[in-house]
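Dropping work_2.cif in here (mmCIF, C-alpha atoms and all ligand atoms):
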```cif
data_structure
loop_
_atom_site.group_PDB
_atom_site.id
_atom_site.type_symbol
_atom_site.label_atom_id
_atom_site.label_comp_id
_atom_site.auth_asym_id
_atom_site.auth_seq_id
_atom_site.Cartn_x
_atom_site.Cartn_y
_atom_site.Cartn_z
ATOM 1 C CA MET A 1 -62.146 114.335 72.243
ATOM 2 C CA PRO A 2 -59.631 111.482 72.770
ATOM 3 C CA PRO A 3 -56.433 111.714 70.681
ATOM 4 C CA VAL A 4 -56.474 109.785 67.395
ATOM 5 C CA THR A 5 -53.298 107.844 68.261
ATOM 6 C CA PHE A 6 -52.188 106.699 71.672
ATOM 7 C CA SER A 7 -50.608 103.690 73.321
ATOM 8 C CA LEU A 8 -51.351 101.732 76.489
ATOM 9 C CA ARG A 9 -49.239 99.294 78.443
ATOM 10 C CA ALA A 10 -50.446 95.746 79.057
ATOM 11 C CA PRO A 11 -48.498 94.786 82.190
ATOM 12 C CA ALA A 12 -47.360 91.253 82.990
ATOM 13 C CA LYS A 13 -49.476 89.600 85.684
ATOM 14 C CA ILE A 14 -47.677 87.619 88.356
ATOM 15 C CA ASN A 15 -49.465 85.260 90.737
ATOM 16 C CA LEU A 16 -47.278 85.526 93.843
ATOM 17 C CA ALA A 17 -49.374 82.709 95.318
ATOM 18 C CA LEU A 18 -52.091 80.575 93.739
ATOM 19 C CA HIS A 19 -54.162 78.069 95.704
ATOM 20 C CA VAL A 20 -56.629 75.775 93.937
ATOM 21 C CA THR A 21 -59.481 75.270 96.395
ATOM 22 C CA GLY A 22 -62.187 73.454 94.423
ATOM 23 C CA ARG A 23 -63.851 72.938 91.098
ATOM 24 C CA ARG A 24 -67.111 74.214 89.598
ATOM 25 C CA ALA A 25 -69.661 71.991 87.910
ATOM 26 C CA ASP A 26 -68.539 73.392 84.515
ATOM 27 C CA GLY A 27 -64.955 72.183 85.082
ATOM 28 C CA TYR A 28 -63.407 75.578 85.903
ATOM 29 C CA HIS A 29 -61.300 75.612 89.043
ATOM 30 C CA LEU A 30 -61.876 77.739 92.116
ATOM 31 C CA LEU A 31 -58.774 79.730 92.979
ATOM 32 C CA GLU A 32 -57.429 82.020 95.636
ATOM 33 C CA THR A 33 -54.549 84.086 94.358
ATOM 34 C CA LEU A 34 -52.516 87.158 95.211
ATOM 35 C CA ALA A 35 -51.718 88.809 91.886
ATOM 36 C CA VAL A 36 -49.478 91.776 91.144
ATOM 37 C CA PHE A 37 -48.595 93.601 87.915
ATOM 38 C CA CYS A 38 -45.179 94.551 86.562
ATOM 39 C CA GLU A 39 -43.650 97.546 84.842
ATOM 40 C CA LEU A 40 -42.624 95.069 82.136
ATOM 41 C CA GLY A 41 -45.349 94.146 79.673
ATOM 42 C CA ASP A 42 -46.710 94.327 76.156
ATOM 43 C CA ARG A 43 -47.700 97.634 74.573
ATOM 44 C CA LEU A 44 -50.651 98.424 72.334
ATOM 45 C CA GLU A 45 -51.101 101.352 69.976
ATOM 46 C CA PHE A 46 -54.537 102.468 68.807
ATOM 47 C CA ARG A 47 -55.180 104.675 65.796
ATOM 48 C CA ALA A 48 -58.380 105.775 64.067
ATOM 49 C CA ALA A 49 -58.055 104.429 60.503
ATOM 50 C CA PRO A 50 -59.998 104.142 57.238
ATOM 51 C CA GLN A 51 -60.321 100.380 57.821
ATOM 52 C CA ASP A 52 -59.654 97.858 60.576
ATOM 53 C CA ALA A 53 -56.056 96.666 60.793
ATOM 54 C CA PHE A 54 -54.011 94.604 63.237
ATOM 55 C CA ALA A 55 -50.276 93.953 63.325
ATOM 56 C CA ILE A 56 -47.904 92.376 65.832
ATOM 57 C CA THR A 57 -44.286 93.402 66.418
ATOM 58 C CA GLY A 58 -41.809 92.723 69.223
ATOM 59 C CA ARG A 59 -39.588 89.907 70.471
ATOM 60 C CA PHE A 60 -42.407 87.348 70.767
ATOM 61 C CA ALA A 61 -44.500 88.343 67.728
ATOM 62 C CA ALA A 62 -43.689 85.078 65.961
ATOM 63 C CA GLY A 63 -45.508 82.992 68.591
ATOM 64 C CA LEU A 64 -48.869 84.569 67.818
ATOM 65 C CA SER A 65 -51.385 84.311 65.025
ATOM 66 C CA ASP A 66 -53.020 87.565 63.995
ATOM 67 C CA ASP A 67 -56.402 86.116 63.038
ATOM 68 C CA ASP A 68 -57.417 84.486 66.354
ATOM 69 C CA ASN A 69 -56.020 86.904 68.874
ATOM 70 C CA LEU A 70 -57.601 88.027 72.143
ATOM 71 C CA VAL A 71 -57.053 91.630 70.996
ATOM 72 C CA LEU A 72 -59.382 91.088 68.040
ATOM 73 C CA ARG A 73 -61.871 89.184 70.161
ATOM 74 C CA ALA A 74 -61.934 92.102 72.608
ATOM 75 C CA ARG A 75 -62.431 94.599 69.754
ATOM 76 C CA ASP A 76 -65.250 92.535 68.221
ATOM 77 C CA ARG A 77 -66.940 91.951 71.566
ATOM 78 C CA LEU A 78 -66.948 95.667 72.314
ATOM 79 C CA ARG A 79 -68.472 96.390 68.889
ATOM 80 C CA GLN A 80 -71.112 93.729 69.409
ATOM 81 C CA GLU A 81 -72.093 95.165 72.779
ATOM 82 C CA THR A 82 -72.160 98.829 71.811
ATOM 83 C CA GLY A 83 -73.217 98.729 68.151
ATOM 84 C CA ALA A 84 -70.989 99.154 65.094
ATOM 85 C CA ALA A 85 -72.128 102.759 64.538
ATOM 86 C CA ARG A 86 -70.245 103.942 67.626
ATOM 87 C CA CYS A 87 -67.155 101.851 66.845
ATOM 88 C CA PRO A 88 -65.485 103.051 63.609
ATOM 89 C CA PRO A 89 -62.475 101.288 62.047
ATOM 90 C CA VAL A 90 -59.328 101.144 64.106
ATOM 91 C CA SER A 91 -55.735 100.161 63.480
ATOM 92 C CA ILE A 92 -54.149 98.280 66.421
ATOM 93 C CA LEU A 93 -50.450 97.517 66.826
ATOM 94 C CA LEU A 94 -49.449 94.981 69.474
ATOM 95 C CA GLU A 95 -45.846 95.032 70.668
ATOM 96 C CA LYS A 96 -45.428 91.534 72.112
ATOM 97 C CA ASN A 97 -42.669 91.714 74.707
ATOM 98 C CA LEU A 98 -43.873 88.834 76.904
ATOM 99 C CA PRO A 99 -43.468 85.166 76.033
ATOM 100 C CA VAL A 100 -46.722 83.577 74.858
ATOM 101 C CA ALA A 101 -48.543 81.000 77.060
ATOM 102 C CA SER A 102 -46.148 81.670 79.898
ATOM 103 C CA GLY A 103 -48.329 82.240 82.986
ATOM 104 C CA MET A 104 -47.958 86.032 82.882
ATOM 105 C CA GLY A 105 -51.435 86.667 81.511
ATOM 106 C CA GLY A 106 -50.052 88.362 78.413
ATOM 107 C CA GLY A 107 -53.082 87.616 76.236
ATOM 108 C CA SER A 108 -55.497 88.606 79.020
ATOM 109 C CA SER A 109 -53.594 91.818 79.672
ATOM 110 C CA ASP A 110 -53.600 92.612 75.927
ATOM 111 C CA ALA A 111 -57.392 92.044 75.900
ATOM 112 C CA ALA A 112 -57.812 94.293 78.952
ATOM 113 C CA ALA A 113 -55.740 97.075 77.338
ATOM 114 C CA THR A 114 -57.807 96.709 74.148
ATOM 115 C CA LEU A 115 -61.072 97.142 76.055
ATOM 116 C CA ARG A 116 -59.689 100.227 77.815
ATOM 117 C CA GLY A 117 -58.052 101.645 74.682
ATOM 118 C CA LEU A 118 -61.055 101.253 72.408
ATOM 119 C CA SER A 119 -63.481 102.448 75.042
ATOM 120 C CA ARG A 120 -61.344 105.628 75.108
ATOM 121 C CA LEU A 121 -60.810 105.919 71.330
ATOM 122 C CA TRP A 122 -64.524 105.434 70.681
ATOM 123 C CA ASP A 123 -65.530 107.677 73.585
ATOM 124 C CA LEU A 124 -67.808 105.001 75.043
ATOM 125 C CA HIS A 125 -67.500 106.023 78.715
ATOM 126 C CA LEU A 126 -67.922 102.441 79.900
ATOM 127 C CA SER A 127 -67.854 101.968 83.656
ATOM 128 C CA ASP A 128 -65.288 99.685 85.308
ATOM 129 C CA PRO A 129 -67.958 97.044 86.166
ATOM 130 C CA THR A 130 -69.159 97.014 82.533
ATOM 131 C CA LEU A 131 -65.584 96.585 81.279
ATOM 132 C CA ALA A 132 -65.000 93.801 83.825
ATOM 133 C CA GLU A 133 -68.133 91.988 82.654
ATOM 134 C CA LEU A 134 -67.038 92.250 79.017
ATOM 135 C CA GLY A 135 -63.558 91.095 80.049
ATOM 136 C CA ALA A 136 -64.791 88.073 82.004
ATOM 137 C CA ALA A 137 -66.415 86.761 78.820
ATOM 138 C CA LEU A 138 -62.991 86.814 77.114
ATOM 139 C CA GLY A 139 -61.005 84.977 79.798
ATOM 140 C CA ALA A 140 -60.942 84.332 83.539
ATOM 141 C CA ASP A 141 -57.884 86.582 84.044
ATOM 142 C CA VAL A 142 -59.113 89.588 82.034
ATOM 143 C CA PRO A 143 -60.984 91.308 84.924
ATOM 144 C CA MET A 144 -57.865 91.238 87.125
ATOM 145 C CA CYS A 145 -55.776 92.573 84.234
ATOM 146 C CA LEU A 146 -58.253 95.457 83.897
ATOM 147 C CA ALA A 147 -57.684 96.255 87.581
ATOM 148 C CA ALA A 148 -53.865 95.934 87.178
ATOM 149 C CA ARG A 149 -53.018 96.550 90.841
ATOM 150 C CA PRO A 150 -52.123 94.267 93.749
ATOM 151 C CA LEU A 151 -55.222 92.227 94.534
ATOM 152 C CA LEU A 152 -56.650 89.021 95.875
ATOM 153 C CA ALA A 153 -58.800 87.078 93.424
ATOM 154 C CA GLY A 154 -61.303 84.333 94.176
ATOM 155 C CA GLY A 155 -63.986 82.473 92.251
ATOM 156 C CA ILE A 156 -62.388 81.379 88.992
ATOM 157 C CA GLY A 157 -60.274 84.534 89.130
ATOM 158 C CA GLU A 158 -63.004 87.115 88.558
ATOM 159 C CA LYS A 159 -63.909 88.025 92.164
ATOM 160 C CA LEU A 160 -61.471 90.780 93.024
ATOM 161 C CA VAL A 161 -60.475 92.358 96.320
ATOM 162 C CA PRO A 162 -57.919 95.168 95.825
ATOM 163 C CA LEU A 163 -55.109 95.210 98.394
ATOM 164 C CA GLN A 164 -54.793 98.602 100.047
ATOM 165 C CA ASP A 165 -51.143 98.430 101.071
ATOM 166 C CA TRP A 166 -49.174 95.747 99.224
ATOM 167 C CA PRO A 167 -45.622 96.996 98.436
ATOM 168 C CA ALA A 168 -43.885 97.415 95.081
ATOM 169 C CA LEU A 169 -41.322 94.611 94.778
ATOM 170 C CA ASP A 170 -38.124 94.185 92.761
ATOM 171 C CA MET A 171 -38.363 91.016 90.738
ATOM 172 C CA VAL A 172 -36.570 88.888 88.173
ATOM 173 C CA LEU A 173 -38.677 86.950 85.673
ATOM 174 C CA VAL A 174 -37.263 83.743 84.209
ATOM 175 C CA ASN A 175 -38.883 81.672 81.483
ATOM 176 C CA PRO A 176 -36.983 78.627 80.242
ATOM 177 C CA GLY A 177 -38.522 78.975 76.799
ATOM 178 C CA MET A 178 -41.219 76.326 76.989
ATOM 179 C CA VAL A 179 -44.884 76.911 76.189
ATOM 180 C CA VAL A 180 -47.320 75.387 78.704
ATOM 181 C CA SER A 181 -50.986 74.718 77.963
ATOM 182 C CA THR A 182 -53.097 75.953 80.894
ATOM 183 C CA PRO A 183 -55.912 73.365 80.461
ATOM 184 C CA ASN A 184 -53.257 70.631 80.397
ATOM 185 C CA VAL A 185 -51.793 71.783 83.708
ATOM 186 C CA PHE A 186 -55.233 71.940 85.346
ATOM 187 C CA ARG A 187 -55.999 68.442 84.039
ATOM 188 C CA ARG A 188 -52.881 67.045 85.726
ATOM 189 C CA LEU A 189 -53.781 68.426 89.158
ATOM 190 C CA GLU A 190 -53.856 65.556 91.627
ATOM 191 C CA ASN A 191 -55.676 67.435 94.356
ATOM 192 C CA ARG A 192 -58.348 70.025 93.642
ATOM 193 C CA GLU A 193 -59.394 70.820 97.181
ATOM 194 C CA ASN A 194 -56.487 72.458 98.922
ATOM 195 C CA PRO A 195 -56.291 74.767 101.961
ATOM 196 C CA PRO A 196 -57.157 78.448 101.312
ATOM 197 C CA LEU A 197 -54.661 81.290 100.960
ATOM 198 C CA GLY A 198 -55.401 83.310 104.095
ATOM 199 C CA ALA A 199 -54.956 87.054 104.523
ATOM 200 C CA PRO A 200 -51.644 88.688 103.563
ATOM 201 C CA PRO A 201 -49.965 90.902 106.176
ATOM 202 C CA ARG A 202 -50.865 94.599 106.355
ATOM 203 C CA GLN A 203 -48.162 97.164 105.591
ATOM 204 C CA ALA A 204 -45.733 94.483 104.475
ATOM 205 C CA ASP A 205 -42.279 95.406 103.217
ATOM 206 C CA TYR A 206 -40.002 93.168 101.111
ATOM 207 C CA ARG A 207 -38.996 90.994 104.079
ATOM 208 C CA ALA A 208 -42.519 90.572 105.427
ATOM 209 C CA ALA A 209 -43.802 89.777 101.924
ATOM 210 C CA CYS A 210 -41.121 87.066 101.438
ATOM 211 C CA PHE A 211 -41.818 85.640 104.902
ATOM 212 C CA TRP A 212 -45.564 85.388 104.299
ATOM 213 C CA LEU A 213 -45.153 84.012 100.758
ATOM 214 C CA ALA A 214 -42.908 81.230 102.106
ATOM 215 C CA GLY A 215 -46.049 79.779 103.740
ATOM 216 C CA THR A 216 -48.133 79.944 100.521
ATOM 217 C CA ARG A 217 -48.157 77.731 97.419
ATOM 218 C CA ASN A 218 -48.759 77.630 93.724
ATOM 219 C CA ASP A 219 -50.808 74.440 93.442
ATOM 220 C CA LEU A 220 -50.209 74.397 89.681
ATOM 221 C CA GLY A 221 -46.434 74.136 90.244
ATOM 222 C CA ALA A 222 -46.219 70.349 90.550
ATOM 223 C CA PRO A 223 -48.390 69.551 87.498
ATOM 224 C CA ALA A 224 -46.570 72.212 85.443
ATOM 225 C CA ARG A 225 -43.154 70.786 86.425
ATOM 226 C CA SER A 226 -44.314 67.327 85.353
ATOM 227 C CA ILE A 227 -44.740 68.781 81.834
ATOM 228 C CA VAL A 228 -41.733 71.160 81.883
ATOM 229 C CA PRO A 229 -38.993 69.968 84.278
ATOM 230 C CA GLU A 230 -36.946 73.101 83.414
ATOM 231 C CA ILE A 231 -39.273 75.030 85.774
ATOM 232 C CA GLY A 232 -37.339 73.425 88.651
ATOM 233 C CA GLN A 233 -34.064 74.672 87.135
ATOM 234 C CA ALA A 234 -35.456 78.199 86.765
ATOM 235 C CA LEU A 235 -36.497 78.233 90.448
ATOM 236 C CA ASP A 236 -33.076 76.906 91.521
ATOM 237 C CA ALA A 237 -31.343 79.577 89.411
ATOM 238 C CA LEU A 238 -33.375 82.344 91.087
ATOM 239 C CA ARG A 239 -32.677 80.997 94.599
ATOM 240 C CA GLU A 240 -28.961 80.611 93.866
ATOM 241 C CA ALA A 241 -28.937 84.216 92.614
ATOM 242 C CA GLY A 242 -30.185 85.349 96.039
ATOM 243 C CA ALA A 243 -33.978 85.647 95.659
ATOM 244 C CA GLY A 244 -35.714 86.173 99.003
ATOM 245 C CA PHE A 245 -38.622 84.199 97.566
ATOM 246 C CA ALA A 246 -39.017 82.337 94.276
ATOM 247 C CA GLY A 247 -42.176 80.907 92.756
ATOM 248 C CA MET A 248 -43.974 80.098 89.519
ATOM 249 C CA THR A 249 -46.722 82.329 88.118
ATOM 250 C CA GLY A 250 -50.059 81.040 86.806
ATOM 251 C CA SER A 251 -49.767 77.669 85.105
ATOM 252 C CA GLY A 252 -46.101 78.368 84.247
ATOM 253 C CA ALA A 253 -43.577 78.120 82.901
ATOM 254 C CA THR A 254 -42.452 81.635 83.975
ATOM 255 C CA CYS A 255 -40.868 81.802 87.425
ATOM 256 C CA PHE A 256 -40.176 84.915 89.473
ATOM 257 C CA GLY A 257 -37.749 85.794 92.210
ATOM 258 C CA LEU A 258 -38.103 88.676 94.661
ATOM 259 C CA PHE A 259 -35.011 90.773 95.432
ATOM 260 C CA SER A 260 -34.199 93.410 98.037
ATOM 261 C CA GLY A 261 -33.687 96.230 95.509
ATOM 262 C CA PRO A 262 -33.309 97.094 91.808
ATOM 263 C CA ARG A 263 -29.528 96.616 91.791
ATOM 264 C CA ALA A 264 -29.773 93.154 93.372
ATOM 265 C CA ALA A 265 -32.406 92.238 90.769
ATOM 266 C CA SER A 266 -30.288 93.512 87.838
ATOM 267 C CA ARG A 267 -27.203 91.659 89.095
ATOM 268 C CA ALA A 268 -29.171 88.440 89.562
ATOM 269 C CA ALA A 269 -30.713 88.750 86.081
ATOM 270 C CA ALA A 270 -27.283 89.314 84.482
ATOM 271 C CA GLY A 271 -25.866 86.230 86.249
ATOM 272 C CA ILE A 272 -28.763 83.960 85.229
ATOM 273 C CA ARG A 273 -28.657 85.256 81.639
ATOM 274 C CA ASP A 274 -24.921 84.477 81.448
ATOM 275 C CA ARG A 275 -25.525 80.863 82.356
ATOM 276 C CA HIS A 276 -28.739 80.487 80.338
ATOM 277 C CA PRO A 277 -28.438 82.726 77.271
ATOM 278 C CA ASP A 278 -31.449 81.078 75.632
ATOM 279 C CA TRP A 279 -33.854 81.783 78.540
ATOM 280 C CA PHE A 280 -36.086 84.863 78.871
ATOM 281 C CA VAL A 281 -34.591 86.665 81.890
ATOM 282 C CA GLU A 282 -35.818 90.165 82.791
ATOM 283 C CA PRO A 283 -35.499 92.306 85.890
ATOM 284 C CA THR A 284 -38.582 94.408 86.610
ATOM 285 C CA ARG A 285 -40.514 96.008 89.440
ATOM 286 C CA THR A 286 -44.089 95.293 90.438
ATOM 287 C CA MET A 287 -46.559 98.118 90.958
ATOM 288 C CA GLY A 288 -47.485 98.611 94.601
ATOM 289 C CA ALA A 289 -50.966 99.476 95.834
ATOM 290 C CA PRO A 290 -51.806 103.051 94.791
ATOM 291 C CA ALA A 291 -51.571 105.532 97.705
HETATM 292 O O1 LIG A 301 -60.099 81.611 81.058
HETATM 293 P P1 LIG A 301 -58.885 81.197 80.289
HETATM 294 O O2 LIG A 301 -59.131 81.096 78.825
HETATM 295 O O3 LIG A 301 -57.677 81.983 80.633
HETATM 296 O O4 LIG A 301 -58.556 79.723 80.808
HETATM 297 C C1 LIG A 301 -57.888 78.769 80.033
HETATM 298 C C2 LIG A 301 -58.260 77.374 80.510
HETATM 299 O O5 LIG A 301 -57.729 77.147 81.830
HETATM 300 C C3 LIG A 301 -59.748 77.120 80.654
HETATM 301 O O6 LIG A 301 -60.310 76.691 79.461
HETATM 302 C C4 LIG A 301 -59.796 76.030 81.724
HETATM 303 O O7 LIG A 301 -59.517 74.776 81.159
HETATM 304 C C5 LIG A 301 -58.600 76.377 82.616
HETATM 305 N N1 LIG A 301 -59.021 77.166 83.797
HETATM 306 C C6 LIG A 301 -59.596 76.527 84.886
HETATM 307 N N2 LIG A 301 -59.956 77.256 85.987
HETATM 308 C C7 LIG A 301 -59.736 78.594 86.024
HETATM 309 C C8 LIG A 301 -59.133 79.274 84.943
HETATM 310 C C9 LIG A 301 -58.779 78.522 83.832
HETATM 311 O O8 LIG A 301 -59.802 75.307 84.874
HETATM 312 N N3 LIG A 301 -60.083 79.264 87.121
#
```
Would you mind writing the structure in this file as structure tokens?
Ligand code: C5P
Amino acid sequence: MPPVTFSLRAPAKINLALHVTGRRADGYHLLETLAVFCELGDRLEFRAAPQDAFAITGRFAAGLSDDDNLVLRARDRLRQETGAARCPPVSILLEKNLPVASGMGGGSSDAAATLRGLSRLWDLHLSDPTLAELGAALGADVPMCLAARPLLAGGIGEKLVPLQDWPALDMVLVNPGMVVSTPNVFRRLENRENPPLGAPPRQADYRAACFWLAGTRNDLGAPARSIVPEIGQALDALREAGAGFAGMTGSGATCFGLFSGPRAASRAAAGIRDRHPDWFVEPTRTMGAPA
């Protein structure tokens, strides 16, 4: 029997590189991305309860509505698919530690954790492919958030190839406090058919990762900066603080910098925070490929 109360992490997703390579007939864009997941993230708590409940706490709780949340859509979808009889009432608490609409896949990661958490609480024994299919219906990034390991994604983000040996990386996340609408950024793209990503190096370390990333792009960077010019300032701040590579994740506005170790990352984060006390600035570490 699963425990009646437990919590799961919903890690931040970072697109280290994101190439837009085409567009489908339905308007969705074809992507090639290398995505990694961080120790930093939201947290969800699940508890069997006499009736359904949902509450949001945490630094960024205020940015979210609790009646149209991906967590609830994931819960309802799972019930619909498996039948209400197997899915008794549940109380869910979301600790929102990541800025909303910030390119870190927070909502998608929350939805992924909800699918995993409820599948466990309700003892549904759903396979990974079944969860991924349910997740894809909730958002293009949900399947990769279910995988939550270094991976390459193609299609509209749902075709996943796990990386066998991508390293854990020390990182600083910087968000200048502006919300960016993903559809808006995609709409502003000037070029939708860009060169592909190519294969990342095998057995890369920090230096090799930075070197390879320097030849990649985030094609959503230019359209996002045209909406939020502060993205350029966040990237400059990370480079000035000594990042070996700095980029923007997803459709922004969060930027990340890679650092040679945890102390370098903490020092850089403290320096950026001093100069920009109103920005979200967090050192973290990405999860490497499992051994
Ligand atoms: O799937 P998700 O809800 O995260 O996507 C938000 C919006 O971003 C979509 O409605 C679509 O406008 C845009 N999008 C896209 N191509 C993708 C992913 C998202 O055009 N591959």
Please find the residues contacting ligand LIG 301 (chain A) at a distance of at most 7 Å between atoms, with all atoms listed in the file counted, and report them as a PyMOL selection string. chain A and resi 27-31+139-141+156-157+182-183+186
Resulting file, chosen residues, C-alpha atoms, as a PDB file, in the frame of the given file:
```pdb
ATOM      1  CA  GLY A  27     -64.955  72.183  85.082  1.00  0.00           C
ATOM      2  CA  TYR A  28     -63.407  75.578  85.903  1.00  0.00           C
ATOM      3  CA  HIS A  29     -61.300  75.612  89.043  1.00  0.00           C
ATOM      4  CA  LEU A  30     -61.876  77.739  92.116  1.00  0.00           C
ATOM      5  CA  LEU A  31     -58.774  79.730  92.979  1.00  0.00           C
ATOM      6  CA  GLY A 139     -61.005  84.977  79.798  1.00  0.00           C
ATOM      7  CA  ALA A 140     -60.942  84.332  83.539  1.00  0.00           C
ATOM      8  CA  ASP A 141     -57.884  86.582  84.044  1.00  0.00           C
ATOM      9  CA  ILE A 156     -62.388  81.379  88.992  1.00  0.00           C
ATOM     10  CA  GLY A 157     -60.274  84.534  89.130  1.00  0.00           C
ATOM     11  CA  THR A 182     -53.097  75.953  80.894  1.00  0.00           C
ATOM     12  CA  PRO A 183     -55.912  73.365  80.461  1.00  0.00           C
ATOM     13  CA  PHE A 186     -55.233  71.940  85.346  1.00  0.00           C
TER      14      PHE A 186
END
```
Polymer residues at most 10 Å from Val71 (chain A), only C-alpha atoms, same-chain spacing of 5 or more positions, as a VMD selection string: chain A and resid 44 54 66 76 to 77 92 to 94 107 to 115 138
Between A:Thr33, A:Thr5, A:Gln233, A:Ser226, single out the one closest to Leu160 (chain A), counting only C-alpha atoms.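 Nearest candidate to Leu160 (chain A) out of A:Thr33, A:Thr5, A:Gln233, A:Ser226: A:Thr33.
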Once the PyMOL selection byres (((chain A and resi 121-124) around 10) and not hetatm) has been evaluated on this model, what residues remain selected, and can you format them as an mmCIF file with C-alpha atoms, keeping the file's coordinate frame?
```cif
data_model
loop_
_atom_site.group_PDB
_atom_site.id
_atom_site.type_symbol
_atom_site.label_atom_id
_atom_site.label_comp_id
_atom_site.auth_asym_id
_atom_site.auth_seq_id
_atom_site.Cartn_x
_atom_site.Cartn_y
_atom_site.Cartn_z
ATOM 1 C CA MET A 1 -62.146 114.335 72.243
ATOM 2 C CA PRO A 2 -59.631 111.482 72.770
ATOM 3 C CA PRO A 3 -56.433 111.714 70.681
ATOM 4 C CA VAL A 4 -56.474 109.785 67.395
ATOM 5 C CA THR A 5 -53.298 107.844 68.261
ATOM 6 C CA PHE A 6 -52.188 106.699 71.672
ATOM 7 C CA PHE A 46 -54.537 102.468 68.807
ATOM 8 C CA ARG A 47 -55.180 104.675 65.796
ATOM 9 C CA ALA A 48 -58.380 105.775 64.067
ATOM 10 C CA LEU A 78 -66.948 95.667 72.314
ATOM 11 C CA THR A 82 -72.160 98.829 71.811
ATOM 12 C CA ARG A 86 -70.245 103.942 67.626
ATOM 13 C CA CYS A 87 -67.155 101.851 66.845
ATOM 14 C CA PRO A 88 -65.485 103.051 63.609
ATOM 15 C CA PRO A 89 -62.475 101.288 62.047
ATOM 16 C CA VAL A 90 -59.328 101.144 64.106
ATOM 17 C CA LEU A 115 -61.072 97.142 76.055
ATOM 18 C CA ARG A 116 -59.689 100.227 77.815
ATOM 19 C CA GLY A 117 -58.052 101.645 74.682
ATOM 20 C CA LEU A 118 -61.055 101.253 72.408
ATOM 21 C CA SER A 119 -63.481 102.448 75.042
ATOM 22 C CA ARG A 120 -61.344 105.628 75.108
ATOM 23 C CA HIS A 125 -67.500 106.023 78.715
ATOM 24 C CA LEU A 126 -67.922 102.441 79.900
ATOM 25 C CA SER A 127 -67.854 101.968 83.656
#
```
Place a sphere of radius 10 Å on (-61.2, 98.6, 55.3) in the file coordinates and name every protein, DNA or RNA residue with an atom inside or on its surface, counting all atoms listed in the file; give the answer as a ChimeraX atom specification. /A:49-53,89-91
Restricted to C-alpha atoms, what does region 37-81 of chain A look like when written out as a PDB file, in the first residue's frame?
```pdb
ATOM      1  CA  PHE A  37      16.417  19.272 -14.772  1.00  0.00           C
ATOM      2  CA  CYS A  38      17.510  21.050 -11.602  1.00  0.00           C
ATOM      3  CA  GLU A  39      17.597  20.260  -7.910  1.00  0.00           C
ATOM      4  CA  LEU A  40      15.589  23.471  -7.500  1.00  0.00           C
ATOM      5  CA  GLY A  41      11.880  23.160  -8.209  1.00  0.00           C
ATOM      6  CA  ASP A  42       8.339  23.167  -6.903  1.00  0.00           C
ATOM      7  CA  ARG A  43       7.127  20.559  -4.421  1.00  0.00           C
ATOM      8  CA  LEU A  44       3.786  18.784  -4.261  1.00  0.00           C
ATOM      9  CA  GLU A  45       2.204  17.003  -1.318  1.00  0.00           C
ATOM     10  CA  PHE A  46      -0.512  14.390  -1.786  1.00  0.00           C
ATOM     11  CA  ARG A  47      -2.857  13.204   0.943  1.00  0.00           C
ATOM     12  CA  ALA A  48      -5.881  10.905   0.894  1.00  0.00           C
ATOM     13  CA  ALA A  49      -8.766  13.088   2.132  1.00  0.00           C
ATOM     14  CA  PRO A  50     -12.534  13.013   2.688  1.00  0.00           C
ATOM     15  CA  GLN A  51     -12.963  15.426  -0.242  1.00  0.00           C
ATOM     16  CA  ASP A  52     -10.865  16.930  -3.022  1.00  0.00           C
ATOM     17  CA  ALA A  53      -8.824  19.964  -2.001  1.00  0.00           C
ATOM     18  CA  PHE A  54      -6.085  22.063  -3.580  1.00  0.00           C
ATOM     19  CA  ALA A  55      -3.964  24.817  -2.064  1.00  0.00           C
ATOM     20  CA  ILE A  56      -0.893  26.743  -3.189  1.00  0.00           C
ATOM     21  CA  THR A  57       1.866  28.049  -0.917  1.00  0.00           C
ATOM     22  CA  GLY A  58       5.400  29.294  -1.566  1.00  0.00           C
ATOM     23  CA  ARG A  59       7.155  32.392  -2.891  1.00  0.00           C
ATOM     24  CA  PHE A  60       5.272  32.461  -6.213  1.00  0.00           C
ATOM     25  CA  ALA A  61       1.834  31.285  -5.027  1.00  0.00           C
ATOM     26  CA  ALA A  62       0.297  34.683  -5.753  1.00  0.00           C
ATOM     27  CA  GLY A  63       0.931  34.371  -9.505  1.00  0.00           C
ATOM     28  CA  LEU A  64      -1.340  31.354  -9.849  1.00  0.00           C
ATOM     29  CA  SER A  65      -5.064  30.773  -9.836  1.00  0.00           C
ATOM     30  CA  ASP A  66      -6.222  27.654  -8.034  1.00  0.00           C
ATOM     31  CA  ASP A  67      -9.217  26.907 -10.252  1.00  0.00           C
ATOM     32  CA  ASP A  68      -7.487  26.562 -13.653  1.00  0.00           C
ATOM     33  CA  ASN A  69      -4.227  24.937 -12.712  1.00  0.00           C
ATOM     34  CA  LEU A  70      -2.349  22.227 -14.602  1.00  0.00           C
ATOM     35  CA  VAL A  71      -2.266  20.226 -11.348  1.00  0.00           C
ATOM     36  CA  LEU A  72      -6.062  20.015 -11.331  1.00  0.00           C
ATOM     37  CA  ARG A  73      -6.186  19.297 -15.045  1.00  0.00           C
ATOM     38  CA  ALA A  74      -3.741  16.426 -14.515  1.00  0.00           C
ATOM     39  CA  ARG A  75      -5.823  15.072 -11.607  1.00  0.00           C
ATOM     40  CA  ASP A  76      -9.062  15.286 -13.612  1.00  0.00           C
ATOM     41  CA  ARG A  77      -7.505  13.746 -16.710  1.00  0.00           C
ATOM     42  CA  LEU A  78      -6.224  10.793 -14.709  1.00  0.00           C
ATOM     43  CA  ARG A  79      -9.687  10.274 -13.187  1.00  0.00           C
ATOM     44  CA  GLN A  80     -11.308  10.468 -16.602  1.00  0.00           C
ATOM     45  CA  GLU A  81      -8.942   7.868 -18.024  1.00  0.00           C
TER      46      GLU A  81
END
```
